[in-house]
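Chemist: What follows is coords-v2.txt; its format and atoms are compact mmCIF, C-alpha atoms and all ligand atoms.
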# COMPACT_ATOMS: atom_id res chain seq x y z
CA MET A 118 150.25 85.60 79.54
CA PRO A 119 152.96 85.73 82.23
CA LEU A 120 152.28 86.93 85.77
CA PRO A 121 152.48 90.78 85.83
CA LYS A 122 155.36 91.99 87.96
CA ALA A 123 157.73 94.87 88.64
CA GLU A 124 161.47 94.50 88.56
CA LEU A 125 163.20 96.63 91.19
CA HIS A 126 166.75 95.32 91.11
CA VAL A 127 168.39 95.15 87.72
CA HIS A 128 171.67 96.78 86.67
CA ILE A 129 171.39 97.95 83.08
CA GLU A 130 175.06 97.12 82.55
CA GLY A 131 174.19 93.61 83.72
CA THR A 132 171.74 93.17 80.87
CA LEU A 133 174.52 93.38 78.27
CA GLU A 134 174.24 90.09 76.40
CA PRO A 135 177.42 88.76 74.75
CA GLU A 136 175.97 89.21 71.24
CA LEU A 137 175.28 92.92 71.84
CA ALA A 138 178.68 93.34 73.54
CA PHE A 139 180.43 92.07 70.42
CA ALA A 140 178.22 94.11 68.09
CA LEU A 141 178.96 97.30 70.04
CA ALA A 142 182.67 96.43 70.23
CA ALA A 143 182.78 96.15 66.44
CA ARG A 144 180.83 99.37 65.96
CA ASN A 145 183.01 101.32 68.39
CA GLY A 146 186.36 99.78 67.49
CA VAL A 147 186.85 98.33 70.97
CA GLU A 148 189.01 95.21 71.27
CA LEU A 149 187.63 92.63 73.70
CA PRO A 150 189.88 90.09 75.42
CA TYR A 151 187.57 87.26 74.23
CA ARG A 152 187.57 85.66 70.79
CA ASP A 153 183.82 85.27 70.52
CA THR A 154 180.56 85.08 72.47
CA GLU A 155 181.20 81.47 73.41
CA GLU A 156 184.56 82.22 74.94
CA LEU A 157 183.01 85.15 76.79
CA ARG A 158 180.17 82.97 78.13
CA ARG A 159 182.70 80.40 79.30
CA ALA A 160 184.26 83.13 81.46
CA TYR A 161 180.98 83.48 83.43
CA LEU A 162 182.13 81.23 86.25
CA PHE A 163 182.40 83.48 89.26
CA GLN A 164 183.94 82.83 92.68
CA ASP A 165 182.34 85.80 94.41
CA LEU A 166 181.08 89.32 93.82
CA GLN A 167 184.54 90.76 93.07
CA SER A 168 185.40 88.21 90.38
CA PHE A 169 182.11 89.06 88.67
CA LEU A 170 182.64 92.82 88.97
CA ASP A 171 186.08 92.57 87.34
CA LEU A 172 184.64 91.01 84.19
CA TYR A 173 181.46 93.09 84.26
CA TYR A 174 183.14 96.50 84.47
CA GLY A 175 185.66 95.42 81.84
CA LEU A 176 182.87 94.70 79.38
CA THR A 177 181.27 98.15 79.84
CA ALA A 178 184.13 99.45 77.63
CA VAL A 179 181.92 98.73 74.60
CA LEU A 180 179.29 101.27 75.73
CA ARG A 181 180.19 104.68 74.33
CA THR A 182 177.37 106.58 72.63
CA HIS A 183 173.78 107.68 73.29
CA ASP A 184 172.64 105.00 70.86
CA ASP A 185 174.59 102.29 72.69
CA PHE A 186 172.80 103.02 75.96
CA THR A 187 169.44 103.27 74.21
CA GLU A 188 169.96 99.95 72.46
CA LEU A 189 171.06 98.29 75.69
CA ALA A 190 168.00 99.49 77.61
CA ASP A 191 165.63 98.75 74.74
CA ALA A 192 166.87 95.16 74.57
CA TYR A 193 166.28 94.78 78.31
CA LEU A 194 162.78 96.29 78.15
CA ALA A 195 161.81 93.96 75.30
CA ARG A 196 163.02 90.87 77.16
CA ALA A 197 161.53 91.97 80.46
CA THR A 198 158.17 92.70 78.85
CA ALA A 199 158.11 89.22 77.36
CA GLN A 200 158.46 87.86 80.90
CA GLY A 201 155.61 89.91 82.36
CA VAL A 202 157.51 92.94 83.66
CA ARG A 203 155.17 95.95 83.57
CA HIS A 204 157.32 98.35 85.57
CA ALA A 205 161.13 98.42 85.91
CA GLU A 206 163.34 100.45 88.23
CA ILE A 207 166.74 100.24 86.63
CA PHE A 208 170.16 100.84 88.18
CA PHE A 209 172.97 102.45 86.26
CA ASP A 210 176.56 103.12 87.31
CA PRO A 211 177.60 106.54 85.98
CA GLN A 212 181.13 106.27 87.38
CA ALA A 213 181.79 103.12 85.32
CA HIS A 214 181.27 105.29 82.24
CA THR A 215 182.51 108.75 83.24
CA ALA A 216 185.82 107.12 84.27
CA ARG A 217 186.20 106.11 80.59
CA GLY A 218 185.39 109.59 79.32
CA VAL A 219 181.71 109.00 78.55
CA PRO A 220 179.72 112.01 79.82
CA ILE A 221 176.98 111.30 82.36
CA GLY A 222 174.48 113.05 80.07
CA THR A 223 175.15 110.49 77.34
CA VAL A 224 174.33 107.71 79.78
CA VAL A 225 171.20 109.22 81.32
CA GLU A 226 169.75 110.59 78.09
CA GLY A 227 170.51 107.38 76.20
CA LEU A 228 168.75 105.28 78.83
CA ALA A 229 165.88 107.73 79.28
CA ARG A 230 165.18 107.71 75.56
CA ALA A 231 164.70 103.93 75.69
CA LEU A 232 162.37 104.24 78.70
CA THR A 233 160.21 106.81 76.93
CA ALA A 234 160.04 104.68 73.78
CA GLY A 235 159.41 101.57 75.90
CA GLU A 236 156.23 103.05 77.34
CA GLU A 237 154.87 103.42 73.83
CA ARG A 238 156.29 100.25 72.39
CA TYR A 239 155.81 97.78 75.23
CA GLY A 240 153.47 99.53 77.69
CA ILE A 241 156.15 99.22 80.37
CA SER A 242 156.89 102.04 82.81
CA GLY A 243 160.48 102.67 83.82
CA ARG A 244 162.49 104.65 86.34
CA LEU A 245 166.22 105.18 86.70
CA ILE A 246 168.21 104.67 89.90
CA MET A 247 171.69 106.18 89.87
CA CYS A 248 174.14 104.04 91.83
CA PHE A 249 177.38 105.16 93.42
CA LEU A 250 180.32 102.76 93.35
CA ARG A 251 180.95 102.09 97.03
CA ASP A 252 184.58 101.08 96.45
CA GLU A 253 185.21 104.57 95.07
CA SER A 254 185.52 107.54 97.42
CA ALA A 255 182.64 109.51 98.94
CA GLU A 256 184.07 112.57 97.15
CA SER A 257 183.74 110.81 93.82
CA ALA A 258 180.11 109.96 94.65
CA MET A 259 179.44 113.60 95.59
CA HIS A 260 181.02 114.74 92.35
CA THR A 261 178.79 112.30 90.45
CA LEU A 262 175.68 113.64 92.20
CA GLU A 263 176.76 117.16 91.25
CA ALA A 264 177.31 116.14 87.61
CA ALA A 265 173.84 114.54 87.53
CA LYS A 266 172.04 117.77 88.48
CA PRO A 267 170.99 118.71 84.92
CA TYR A 268 169.39 115.26 84.54
CA LEU A 269 167.57 114.87 87.84
CA HIS A 270 164.16 115.02 86.14
CA ARG A 271 165.03 111.59 84.68
CA ILE A 272 166.41 110.09 87.90
CA THR A 273 164.11 108.75 90.63
CA ALA A 274 166.52 107.51 93.26
CA VAL A 275 170.10 106.92 94.27
CA GLY A 276 171.60 103.53 95.11
CA LEU A 277 174.88 102.01 96.23
CA ASP A 278 176.56 99.07 94.52
CA SER A 279 179.85 97.33 93.63
CA ALA A 280 182.22 95.69 96.16
CA GLU A 281 180.41 95.70 99.49
CA VAL A 282 182.72 94.34 102.18
CA GLY A 283 184.95 97.07 103.63
CA HIS A 284 182.72 99.82 102.24
CA PRO A 285 179.92 100.31 104.77
CA PRO A 286 176.95 102.52 103.99
CA SER A 287 178.05 105.15 106.54
CA LYS A 288 180.87 106.12 104.16
CA PHE A 289 178.16 107.79 102.03
CA ARG A 290 176.22 109.64 104.75
CA GLU A 291 176.76 113.12 103.28
CA VAL A 292 176.08 112.05 99.69
CA TYR A 293 172.76 110.48 100.66
CA ALA A 294 171.79 113.57 102.68
CA ALA A 295 172.56 115.70 99.62
CA ALA A 296 170.57 113.35 97.37
CA GLU A 297 167.59 113.54 99.71
CA ALA A 298 167.79 117.34 99.71
CA LEU A 299 167.55 117.17 95.91
CA GLY A 300 164.32 115.19 96.18
CA LEU A 301 165.74 111.79 95.24
CA ARG A 302 164.52 108.54 96.77
CA LYS A 303 167.10 106.29 98.41
CA VAL A 304 168.01 102.61 98.23
CA ALA A 305 171.28 100.73 98.82
CA HIS A 306 172.76 97.28 98.32
CA ALA A 307 173.37 95.85 101.79
CA GLY A 308 173.76 92.37 103.21
CA GLU A 309 174.67 90.70 99.93
CA GLU A 310 178.17 89.77 101.10
CA GLY A 311 178.35 92.34 103.89
CA PRO A 312 177.13 91.76 107.47
CA PRO A 313 173.69 92.58 108.92
CA SER A 314 175.17 95.73 110.49
CA TYR A 315 175.45 97.18 106.96
CA ILE A 316 171.68 96.75 106.57
CA ARG A 317 171.12 98.65 109.83
CA GLU A 318 173.49 101.39 108.67
CA ALA A 319 171.73 101.71 105.34
CA LEU A 320 168.46 102.24 107.23
CA ASP A 321 169.69 104.37 110.10
CA VAL A 322 172.53 106.39 108.57
CA LEU A 323 171.44 106.68 104.94
CA GLY A 324 167.68 106.52 105.51
CA VAL A 325 167.03 104.15 102.62
CA GLU A 326 163.48 103.04 101.83
CA ARG A 327 164.43 99.65 100.37
CA ILE A 328 167.31 97.27 100.88
CA ASP A 329 168.82 95.71 97.76
CA HIS A 330 169.57 92.05 98.50
CA GLY A 331 169.41 92.11 102.33
CA LEU A 332 170.08 88.38 102.21
CA ARG A 333 172.19 88.30 105.36
CA CYS A 334 169.48 89.86 107.55
CA THR A 335 168.56 86.26 108.35
CA GLU A 336 171.60 86.12 110.67
CA ASP A 337 170.06 88.74 112.98
CA ARG A 338 166.68 87.93 114.43
CA ASP A 339 166.03 91.45 115.79
CA LEU A 340 166.81 92.90 112.39
CA VAL A 341 164.39 90.51 110.66
CA GLU A 342 161.67 91.55 113.12
CA ARG A 343 162.38 95.19 112.49
CA LEU A 344 162.38 94.83 108.68
CA ALA A 345 159.07 92.97 108.88
CA ARG A 346 157.51 95.45 111.31
CA GLU A 347 158.58 98.48 109.30
CA ARG A 348 157.63 96.83 105.99
CA ILE A 349 161.05 97.57 104.48
CA PRO A 350 161.14 95.92 101.06
CA LEU A 351 164.02 93.61 100.20
CA THR A 352 164.94 93.22 96.54
CA LEU A 353 166.26 89.66 96.57
CA CYS A 354 168.12 88.18 93.61
CA PRO A 355 168.22 84.40 94.10
CA LEU A 356 169.99 83.46 90.84
CA SER A 357 172.64 86.08 91.55
CA ASN A 358 173.17 84.63 95.04
CA VAL A 359 173.91 81.22 93.54
CA ARG A 360 176.19 82.49 90.74
CA LEU A 361 178.17 84.72 93.12
CA ARG A 362 178.25 81.94 95.70
CA ALA A 363 176.48 83.72 98.53
CA ILE A 364 174.62 80.40 98.74
CA ASP A 365 175.58 76.97 97.40
CA MET A 366 172.40 76.10 95.55
CA LEU A 367 169.01 77.57 94.87
CA GLU A 368 167.28 74.90 96.94
CA GLU A 369 169.03 76.43 99.97
CA HIS A 370 167.82 79.97 99.35
CA PRO A 371 166.04 81.39 102.42
CA LEU A 372 163.33 83.18 100.37
CA ARG A 373 160.51 80.99 101.62
CA ASP A 374 161.57 81.36 105.28
CA MET A 375 161.94 85.08 104.79
CA MET A 376 158.39 85.31 103.44
CA ASP A 377 157.19 83.19 106.38
CA ALA A 378 158.92 85.64 108.74
CA GLY A 379 156.71 88.41 107.34
CA LEU A 380 159.40 90.13 105.28
CA LEU A 381 158.33 92.14 102.26
CA CYS A 382 160.31 90.15 99.71
CA THR A 383 160.63 90.79 96.02
CA VAL A 384 162.43 88.63 93.48
CA ASN A 385 164.64 90.17 90.82
CA SER A 386 167.31 89.32 88.25
CA ASP A 387 170.23 91.64 89.27
CA ASP A 388 172.44 91.04 86.19
CA PRO A 389 170.36 88.79 83.95
CA ALA A 390 172.86 88.48 81.09
CA TYR A 391 175.36 86.98 83.54
CA PHE A 392 173.33 85.03 86.08
CA GLY A 393 171.25 82.71 83.96
CA GLY A 394 167.95 84.44 83.52
CA TYR A 395 165.58 87.39 83.48
CA VAL A 396 163.01 87.94 86.18
CA GLY A 397 160.40 85.58 84.74
CA ASP A 398 163.06 82.87 84.62
CA THR A 399 163.86 83.71 88.24
CA PHE A 400 160.20 83.30 89.31
CA HIS A 401 160.17 79.97 87.52
CA ALA A 402 163.43 78.84 89.13
CA VAL A 403 162.37 79.67 92.70
CA ARG A 404 159.00 78.03 92.14
CA GLU A 405 160.73 74.83 91.14
CA ALA A 406 163.61 74.89 93.62
CA LEU A 407 161.64 76.03 96.67
CA GLY A 408 158.28 74.54 95.82
CA LEU A 409 156.46 77.88 95.94
CA ASP A 410 152.77 77.60 95.14
CA ASP A 411 150.78 80.02 93.00
CA GLU A 412 149.73 82.14 95.97
CA ARG A 413 153.35 82.65 97.00
CA LEU A 414 154.18 83.79 93.47
CA ARG A 415 151.18 86.12 93.55
CA GLU A 416 152.46 87.55 96.83
CA LEU A 417 155.89 88.20 95.28
CA ALA A 418 154.31 89.94 92.31
CA ARG A 419 152.03 92.04 94.53
CA ASN A 420 155.01 92.96 96.71
CA SER A 421 156.96 94.12 93.68
CA PHE A 422 154.36 96.76 92.88
CA GLU A 423 153.87 97.72 96.53
CA ALA A 424 157.61 98.24 96.94
CA SER A 425 157.96 100.19 93.69
CA PHE A 426 158.39 103.95 93.46
CA LEU A 427 155.05 104.42 91.71
CA GLU A 428 153.91 107.16 94.10
CA ASP A 429 153.73 109.49 91.12
CA ASP A 430 151.19 107.17 89.50
CA GLU A 431 149.12 105.49 92.21
CA GLU A 432 146.41 104.76 89.68
CA ARG A 433 148.82 102.63 87.67
CA ARG A 434 150.06 100.87 90.80
CA ALA A 435 146.48 100.02 91.84
CA ARG A 436 145.65 98.79 88.33
CA LEU A 437 148.71 96.54 88.21
CA ILE A 438 148.03 95.11 91.68
CA ALA A 439 144.44 94.40 90.61
CA GLU A 440 145.84 92.51 87.62
CA VAL A 441 148.02 90.45 89.92
CA GLU A 442 145.04 89.66 92.17
CA ALA A 443 142.95 88.57 89.20
CA TYR A 444 145.73 86.61 87.49
CA ASP A 445 144.73 83.10 86.54
CA PHE A 446 147.65 80.69 86.79
CA GLY A 447 145.65 78.07 84.94
CA VAL A 448 146.03 74.38 85.44
CA ARG A 449 149.58 73.18 85.03
CA PRO A 450 150.04 69.72 83.63
CA PRO A 451 151.53 67.29 86.16
CA GLU A 452 155.30 67.09 85.73
N1 LIG B 501 176.25 93.65 93.90
C1 LIG B 501 176.95 94.79 93.89
N2 LIG B 501 177.16 95.48 92.79
C2 LIG B 501 176.67 95.03 91.65
C3 LIG B 501 175.95 93.85 91.60
C4 LIG B 501 175.72 93.14 92.79
O1 LIG B 501 175.09 92.07 92.85
N3 LIG B 501 175.59 93.67 90.32
C5 LIG B 501 176.09 94.71 89.61
N4 LIG B 501 176.74 95.52 90.42
ZN ZN B 502 172.63 94.38 92.39
I'd like the structure from this file rewritten - as structure tokens, please.
Modeler:
Amino acid sequence: MPLPKAELHVHIEGTLEPELAFALAARNGVELPYRDTEELRRAYLFQDLQSFLDLYYGLTAVLRTHDDFTELADAYLARATAQGVRHAEIFFDPQAHTARGVPIGTVVEGLARALTAGEERYGISGRLIMCFLRDESAESAMHTLEAAKPYLHRITAVGLDSAEVGHPPSKFREVYAAAEALGLRKVAHAGEEGPPSYIREALDVLGVERIDHGLRCTEDRDLVERLARERIPLTLCPLSNVRLRAIDMLEEHPLRDMMDAGLLCTVNSDDPAYFGGYVGDTFHAVREALGLDDERLRELARNSFEASFLEDDEERRARLIAEVEAYDFGVRPPE
């Protein structure tokens, strides 16, 4: 049995595997600019975040109906469950779909249906986090929040994603204030490619409770101390950082130093169909590359539940943390 964990940073559009992309393209009569899944996979060589986003948003063209979104989320929940994920807080990008004429209700209801079924089928709990595209205008984000109002009972939080540099969190001050007034929790991507000042802005201007990525906080010692003191969770995505070239190789990832500095780190997959693995694969990869022992892995798993938005089910959170504490890693054969 794999180590129980929560996943707090996964974009549902980033779980679209090439096989499903081609199946949906055929079903919906969408022409893809790739001959087959192999040619598509060969295109997964990214220079940076933007080069990834160009391909990634292009591929969302295959997602059109309720059923498409349900199938996408169900496939993720099945894979995540197999890797020990017991609770998932899942990002979605409504503007990537509404811009193509797909109503926001189709997206939210399609995803929510998979989450409800997933509880029954896999025993996994799920929440939805609606992200605004930060390279679109604040007005567009506000319009998206407005359009989401009939579906807020299915949405736990708002987030901020897409191209970071040049689009600081402060651009979305009013939208986040409006989201808070509607009772939504708040997170934001910050410090993936952007500077440490974006992390401060996300905290001070937007009032976020978690920082997605937060990798570049390590450049600012005062910020690291503050994040540790205030127990602000970071949802790190080490495989993503390598694939999008925020770091050269996994062995150089600062995760271990960040944990040593007292930061509340979690480890996540980001866009698992594109970055070489789901969250269990990510745990395995950081264990190998950074030499993390079992207790470090236990800490990451415990953190994932502590940082999760399970306030509406504290009993479940406590039960899952108890499972992490009691988890027996067993004896691994010498390698
Ligand atoms: N950063 C910003 N936006 C994203 C990412 C990411 O890593 N993945 C999907 N959308
Ligand atoms: Zn992300």
Chemist: Hey, which residues sit close to ligand LIG 501 (chain B)? Say within 6 Å, counting only C-alpha atoms and all ligand atoms, and write them as an MDAnalysis selection string.
Modeler: chainID A and resid 128 278:280 387:388
Chemist: What is the CA of Tyr293 (chain A)-CA of Leu262 (chain A) distance in Å, reported with one decimal?
Modeler: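 Separation of CA of Tyr293 (chain A) and CA of Leu262 (chain A): 9.5 Å.
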Chemist: Take every atom of region 167-172 of chain A listed in the file, fit an axis-aligned box around them, add 6 Å per side, and give the centre and edge lengths in Å to one decimal as lines of an AutoDock Vina configuration file.
Modeler:
center_x = 184.1
center_y = 90.5
center_z = 88.6
size_x = 16.0
size_y = 16.6
size_z = 20.9
Chemist: Taking all atoms listed in the file into account, report as number ranges by chain which residues have an atom no farther than 9 Å from an atom of ligand ZN 502 (chain B).
Modeler: A: 126-128, 131, 208, 277-279, 306, 309, 329-330, 352-354, 357, 386-388
Chemist: Find the residues with any atom within 8 Å of (151.8, 93.3, 87.3); use only C-alpha atoms and the coordinates as given in the file, and write the answer as a ChimeraX atom specification.
Modeler: /A:120-123,201-204,418-419,422,437-438,440-441
Chemist: Work out how far CA of Ala424 (chain A) is from CA of Gly397 (chain A), in Å to one decimal.
Modeler: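 Distance between the two atoms: 17.8 Å.
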Chemist: Take the structure in the block and write a file for region 138-155 of chain A, N, CA, C and O atoms, as a compact mmCIF listing (two decimals), in the first residue's frame.
Modeler:
# COMPACT_ATOMS: atom_id res chain seq x y z
N ALA A 138 -6.43 12.49 -25.09
CA ALA A 138 -6.52 13.67 -25.97
C ALA A 138 -6.94 13.24 -27.38
O ALA A 138 -7.83 13.84 -27.99
N PHE A 139 -6.32 12.17 -27.88
CA PHE A 139 -6.67 11.71 -29.23
C PHE A 139 -8.07 11.10 -29.27
O PHE A 139 -8.80 11.28 -30.24
N ALA A 140 -8.45 10.39 -28.22
CA ALA A 140 -9.80 9.81 -28.17
C ALA A 140 -10.85 10.92 -28.18
O ALA A 140 -11.85 10.83 -28.91
N LEU A 141 -10.63 11.96 -27.38
CA LEU A 141 -11.60 13.06 -27.32
C LEU A 141 -11.60 13.84 -28.64
O LEU A 141 -12.65 14.28 -29.10
N ALA A 142 -10.42 13.99 -29.24
CA ALA A 142 -10.34 14.70 -30.53
C ALA A 142 -11.18 13.98 -31.58
O ALA A 142 -11.94 14.61 -32.33
N ALA A 143 -11.09 12.65 -31.59
CA ALA A 143 -11.87 11.86 -32.56
C ALA A 143 -13.36 12.01 -32.28
O ALA A 143 -14.17 12.22 -33.18
N ARG A 144 -13.71 11.91 -30.99
CA ARG A 144 -15.12 11.98 -30.61
C ARG A 144 -15.73 13.34 -30.95
O ARG A 144 -16.88 13.44 -31.35
N ASN A 145 -14.93 14.39 -30.78
CA ASN A 145 -15.46 15.75 -30.95
C ASN A 145 -15.13 16.36 -32.31
O ASN A 145 -15.44 17.53 -32.55
N GLY A 146 -14.49 15.58 -33.18
CA GLY A 146 -14.16 16.10 -34.50
C GLY A 146 -13.17 17.25 -34.47
O GLY A 146 -13.26 18.20 -35.26
N VAL A 147 -12.22 17.19 -33.52
CA VAL A 147 -11.21 18.23 -33.42
C VAL A 147 -9.92 17.73 -34.07
O VAL A 147 -9.47 16.62 -33.79
N GLU A 148 -9.35 18.53 -34.94
CA GLU A 148 -8.10 18.15 -35.61
C GLU A 148 -6.92 18.61 -34.76
O GLU A 148 -6.82 19.79 -34.43
N LEU A 149 -6.04 17.68 -34.41
CA LEU A 149 -4.85 18.05 -33.64
C LEU A 149 -3.65 18.19 -34.57
O LEU A 149 -3.54 17.45 -35.56
N PRO A 150 -2.74 19.10 -34.24
CA PRO A 150 -1.57 19.30 -35.11
C PRO A 150 -0.48 18.25 -34.87
O PRO A 150 0.70 18.54 -35.07
N TYR A 151 -0.86 17.06 -34.42
CA TYR A 151 0.10 15.97 -34.19
C TYR A 151 -0.49 14.72 -34.84
O TYR A 151 -1.69 14.48 -34.74
N ARG A 152 0.36 13.92 -35.45
CA ARG A 152 -0.11 12.73 -36.16
C ARG A 152 -0.65 11.68 -35.19
O ARG A 152 -1.68 11.08 -35.40
N ASP A 153 0.10 11.47 -34.12
CA ASP A 153 -0.30 10.44 -33.16
C ASP A 153 0.28 10.76 -31.78
O ASP A 153 0.96 11.78 -31.60
N THR A 154 0.01 9.85 -30.83
CA THR A 154 0.43 10.11 -29.44
C THR A 154 1.96 10.20 -29.32
O THR A 154 2.47 10.94 -28.50
N GLU A 155 2.64 9.45 -30.17
CA GLU A 155 4.11 9.49 -30.10
C GLU A 155 4.66 10.84 -30.53
O GLU A 155 5.56 11.39 -29.89
